[in-house]
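Novice: Questions regarding the structure given below will be posed in turn.
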Number of protein chains: 2
Amino acid sequence: MTTLGYALLGLLAERPLSGYDLAQQMKTPVGFFWHARHSQIYPELARLEADGMVTHAVVEQYDRPDKKLYTITEAGLATLKEWLVTPTAITPIRDELVLKAYNLGLADPQQAIALFRAEELRHREQLANYEVSMEWCMQTYSSEQFRFDSPGYGNYLTLRRGIGYEREYVEWCAWIVEQLEEYSKS
Amino acid sequence: MTTLGYALLGLLAERPLSGYDLAQQMKTPVGFFWHARHSQIYPELARLEADGMVTHAVVEQYDRPDKKLYTITEAGLATLKEWLVTPTAITPIRDELVLKAYNLGLADPQQAIALFRAEELRHREQLANYEVSMEWCMQTYSSEQFRFDSPGYGNYLTLRRGIGYEREYVEWCAWIVEQLEEYSKS
DNA sequence: TTATACTATGTCAAGACTTACATATGTAAT
DNA sequence: ATTACATATGTAAGTCTTGACATAGTATAA
């Protein structure tokens with residue numbers, strides 16, 4: 001089982017989805033922490049089915065092309081639950097911008113400022129997106145009791161992480177821009 | 001040019017290093033944001049040399065095996081500087097733990113608590129490491145003026161990012177544990 | 001009717017990355 | 001002596017991932 005396999009099982013644990021649906025999910029908060037293209041998803045679904053983790057049924061549609069709806073099996077759910085509480089191997093971070101920051105002394109200050117201002121803006125926008133989603137998430141569940149076993153709670157936990165991550169990222173970019181401005185003045 | 005290529009050029013821009021040295025650097029703050037094994041580094045150095053980005057000289061050593069010292073060329077430095085201020089393609093994040101959080105409602109609360117407590121501890125330790133490095137970094141440069149063109153400033157910028165990242169990560173884990181505890185009490 | 005876009009499913013080649021294999025020198029401890 | 005460890009440099013097999021190629025049904029608007 002690959003991590004992508006678990007990611008797909010996790011999404012299918014909520015409700016049956018097609019490969020196309022799963023690819024769309026990659027644009028939502030979940031996907032922001034584990035992205036995959038459809039070219040990786042379709043083969044992975046085939047593998048999951050071969051391993052008995054999911055089954056599929058062809059659904060005929062009249063307003064659009066037919067699709068294969070994938071459903072998680074008992075075995076798939078058991079495998080997912082087991083993985084869920086297994087100690088995670090450290091996932092190494094890869095961030096090209098930090099790499100650029102490392103050698104920023106070699107760059108032209110004005111260009112460096114432009115770069116980090118642009119990055120700050122990008123992450124500010126992503127942060128705003130998350131905050132809107134979070135708002136929407138809270139309103140949906142404001143009346144009922146909203147707990148770990150509620151559907152959509154996973155999104156809430158994920159969003160909280162995304163917001164924290166982006167908030168910190170924005171601050172870091174702004175901090176670098178500040179220093180670059182001071183440096184280029186002197 | 002791959003990102004790893006730029007990462008190696010970035011390290012070589014400070015001083016000549018061997019492939020082994022570069023692999024060791026991957027354990028320092030820089031490496032935390034772009035890791036690579038020696039099996040990837042050696043071929044990449046060969047590629048960089050073929051592209052005229054670096055040259056190497058064999059250095060004989062009597063207390064240990066001989067080594068190849070790689071030095072960045074003018075062309076390499078120019079390429080690095082150009083890359084430095086080029087808009088970065090978003091680097092997608094991959095974090096298995098966030099994926100697990102997404103489906104945490106399916107897990108046994110006690111096991112989930114244990115998992116996130118362990119993760120919190122791990123990131124708390126990483127945070128402490130960074131803070132020690134930062135302390136060391138600040139002391140080294142406390143007397144002189146410490147600016148973008150100072151050697152070691154890149155480490156400072158990188159460390160600041162690492163500290164922010166880990167601090168936020170620890171908070172997120174603690175927040176999840178808190179909620180899990182409340183949930184399992186009820 | 002033509003173009004554009006969205007839905008839907010796949011394959012393939014190339015590159016990135018990991019794990020394991022492979023070799024060799026020198027130091028320090030048992 | 002032998003073992004273990006750090007230094008030092010590589011290769012090879014296999015997996016993960018991306019980007020491009022490929023096909024096809026339906027809807028909407030110009």
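Identifiers in the structure tokens: chain A, B, ... in order shown; residue index from 1 per chain; ligand index from 1 in order shown.
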I want to know what sits within 10 Å of DG19 of chain D, based on only C-alpha atoms (C1' of nucleotides), with residues of the same chain fewer than 6 positions away left out; could you give that as a PDB file with C-alpha atoms (C1' of nucleotides), in the first residue's frame?
Specialist:
```
ATOM      1  CA  SER A  39      -2.713   9.767 -14.337  1.00  0.00           C
TER       2      SER A  39
ATOM      3  C1'  DA C  13       7.838   7.957 -21.474  1.00  0.00           C
ATOM      4  C1'  DA C  14      10.871  10.385 -18.808  1.00  0.00           C
TER       5       DA C  14
END
```
Novice: Give me, as CSV, the closest atom pair and its distance (Å, one decimal) for every residue of chain B within a cut-off of 7 Å of chain D, counting only C-alpha atoms (C1' of nucleotides), rows sorted by chain and rising number.
Specialist:
```
residue,atom,partner,partner_atom,distance
B:Tyr20,CA,D:DA8,C1',6.6
B:Arg64,CA,D:DT7,C1',6.2
B:Pro65,CA,D:DA8,C1',5.8
B:Lys67,CA,D:DA8,C1',6.4
```
Novice: Identify every residue of chain B that has at least one atom within 8 Å of any atom of chain A, counting only C-alpha atoms, and report the result as a ChimeraX atom specification.
Specialist: /B:3,7,10,30,32-35,81,84-88,91-107,111-112,115,147-150,153-155,157-158,160-161,164-165,168-169,172,176,180,183
Novice: How about saving the chosen residues, C-alpha atoms kept, as a short mmCIF file (atom, residue, chain, number, x, y, z; two decimals), in the first residue's frame?
Specialist:
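File written: result23.cif
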```cif
data_model
loop_
_atom_site.label_atom_id
_atom_site.label_comp_id
_atom_site.auth_asym_id
_atom_site.auth_seq_id
_atom_site.Cartn_x
_atom_site.Cartn_y
_atom_site.Cartn_z
CA THR B 3 16.14 21.93 -8.07
CA ALA B 7 20.61 23.32 -4.02
CA GLY B 10 23.90 27.11 -3.47
CA VAL B 30 19.30 23.75 4.56
CA PHE B 32 15.63 20.08 6.11
CA PHE B 33 13.93 21.96 3.28
CA TRP B 34 15.49 20.00 0.44
CA HIS B 35 16.89 16.62 1.30
CA LYS B 81 21.86 33.99 -9.34
CA LEU B 84 17.38 32.89 -7.30
CA VAL B 85 15.05 35.67 -8.41
CA THR B 86 12.92 33.62 -10.82
CA PRO B 87 9.29 33.18 -9.71
CA THR B 88 9.00 29.82 -8.03
CA THR B 91 6.01 23.42 -4.25
CA PRO B 92 3.16 21.10 -3.25
CA ILE B 93 3.22 20.03 0.38
CA ARG B 94 3.09 16.36 1.27
CA ASP B 95 2.28 15.49 4.83
CA GLU B 96 1.10 12.03 5.70
CA LEU B 97 0.05 13.08 9.19
CA VAL B 98 -2.45 15.63 7.88
CA LEU B 99 -3.86 12.84 5.74
CA LYS B 100 -4.28 10.75 8.88
CA ALA B 101 -5.92 13.64 10.68
CA TYR B 102 -8.44 13.83 7.87
CA ASN B 103 -9.84 10.41 8.80
CA LEU B 104 -9.12 10.52 12.52
CA GLY B 105 -12.81 9.99 13.31
CA LEU B 106 -12.41 6.36 12.22
CA ALA B 107 -9.59 5.69 14.68
CA GLN B 111 -4.51 5.34 19.90
CA ALA B 112 -5.07 8.61 18.09
CA LEU B 115 -0.03 9.08 17.83
CA ARG B 147 23.42 41.35 6.95
CA PHE B 148 22.27 39.68 3.74
CA ASP B 149 25.78 39.57 2.37
CA SER B 150 27.23 38.00 5.53
CA TYR B 153 22.83 34.73 6.81
CA GLY B 154 21.13 32.11 4.67
CA ASN B 155 21.18 29.76 7.61
CA LEU B 157 16.70 32.97 7.25
CA THR B 158 16.24 29.21 6.89
CA ARG B 160 13.66 31.36 11.14
CA ARG B 161 11.43 29.46 8.73
CA GLY B 164 8.02 29.04 12.63
CA TYR B 165 7.10 25.84 10.86
CA GLU B 168 2.96 25.89 14.31
CA TYR B 169 3.17 22.12 13.85
CA TRP B 172 -1.60 21.93 15.74
CA ILE B 176 -5.79 17.89 18.16
CA LEU B 180 -9.38 14.10 21.32
CA TYR B 183 -14.08 13.90 22.95
#
```
Novice: Given only C-alpha atoms (C1' of nucleotides) as the basis, pick out the residue of C:DA3, C:DA29, C:DA8, C:DA20 nearest to chain B.
Specialist: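 Looking only at the distances to chain B, the closest residue turns out to be C:DA20.
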Novice: Enumerate, in order of chain and increasing residue number, the residues of chain C with an atom no farther than 9 Å from chain B, each with its shortest atom pair and distance in Å to one decimal, counting only C-alpha atoms (C1' of nucleotides), as JSON lines.
Specialist:
```
{"residue": "C:DC17", "atom": "C1'", "partner": "B:Gln40", "partner_atom": "CA", "distance": 7.6}
{"residue": "C:DT18", "atom": "C1'", "partner": "B:Arg37", "partner_atom": "CA", "distance": 8.3}
{"residue": "C:DA24", "atom": "C1'", "partner": "B:Pro65", "partner_atom": "CA", "distance": 8.1}
{"residue": "C:DT25", "atom": "C1'", "partner": "B:Pro65", "partner_atom": "CA", "distance": 4.9}
{"residue": "C:DG26", "atom": "C1'", "partner": "B:Arg64", "partner_atom": "CA", "distance": 5.1}
{"residue": "C:DT27", "atom": "C1'", "partner": "B:Asp63", "partner_atom": "CA", "distance": 8.5}
```
Novice: Could you turn the residues from that selection into a file that holds N, CA and C atoms (P, O5', C5', C4', C3', O3' and C1' of nucleotides), as a compact mmCIF listing (two decimals), in the first residue's frame?
Specialist:
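Dumped to again16.txt:
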```txt
# COMPACT_ATOMS: atom_id res chain seq x y z
P DC C 17 13.46 15.09 -6.54
O5' DC C 17 13.59 13.66 -5.88
C5' DC C 17 12.40 12.94 -5.52
C4' DC C 17 12.75 11.58 -4.99
C3' DC C 17 13.96 11.52 -4.05
O3' DC C 17 13.48 11.27 -2.73
C1' DC C 17 13.90 9.69 -5.61
P DT C 18 14.50 10.80 -1.55
O5' DT C 18 14.34 9.21 -1.65
C5' DT C 18 13.04 8.64 -1.74
C4' DT C 18 13.12 7.13 -1.57
C3' DT C 18 14.03 6.68 -0.44
O3' DT C 18 13.36 5.64 0.26
C1' DT C 18 14.74 5.70 -2.48
P DA C 24 37.82 -3.11 -3.91
O5' DA C 24 38.31 -1.91 -3.00
C5' DA C 24 38.49 -0.62 -3.56
C4' DA C 24 38.77 0.37 -2.44
C3' DA C 24 39.70 -0.19 -1.36
O3' DA C 24 40.87 0.59 -1.32
C1' DA C 24 37.85 0.96 -0.42
P DT C 25 42.13 0.19 -0.41
O5' DT C 25 42.30 1.48 0.50
C5' DT C 25 42.08 2.79 -0.03
C4' DT C 25 41.96 3.75 1.14
C3' DT C 25 42.94 3.48 2.27
O3' DT C 25 43.66 4.65 2.58
C1' DT C 25 40.73 3.66 3.11
P DG C 26 44.89 4.63 3.60
O5' DG C 26 44.18 4.95 4.99
C5' DG C 26 43.81 6.29 5.31
C4' DG C 26 43.08 6.31 6.64
C3' DG C 26 43.91 5.84 7.84
O3' DG C 26 43.97 6.91 8.79
C1' DG C 26 41.77 4.81 7.82
P DT C 27 44.80 6.72 10.15
O5' DT C 27 43.61 6.50 11.17
C5' DT C 27 42.52 7.44 11.20
C4' DT C 27 41.61 7.09 12.36
C3' DT C 27 42.32 6.75 13.66
O3' DT C 27 41.69 7.47 14.72
C1' DT C 27 40.85 4.99 13.07
```
Novice: As a PyMOL selection string, please: every residue in segment 39-77 of chain A that a backbone DSSP assignment puts in alpha helix (DSSP H).
Specialist: chain A and resi 39-50+74-77
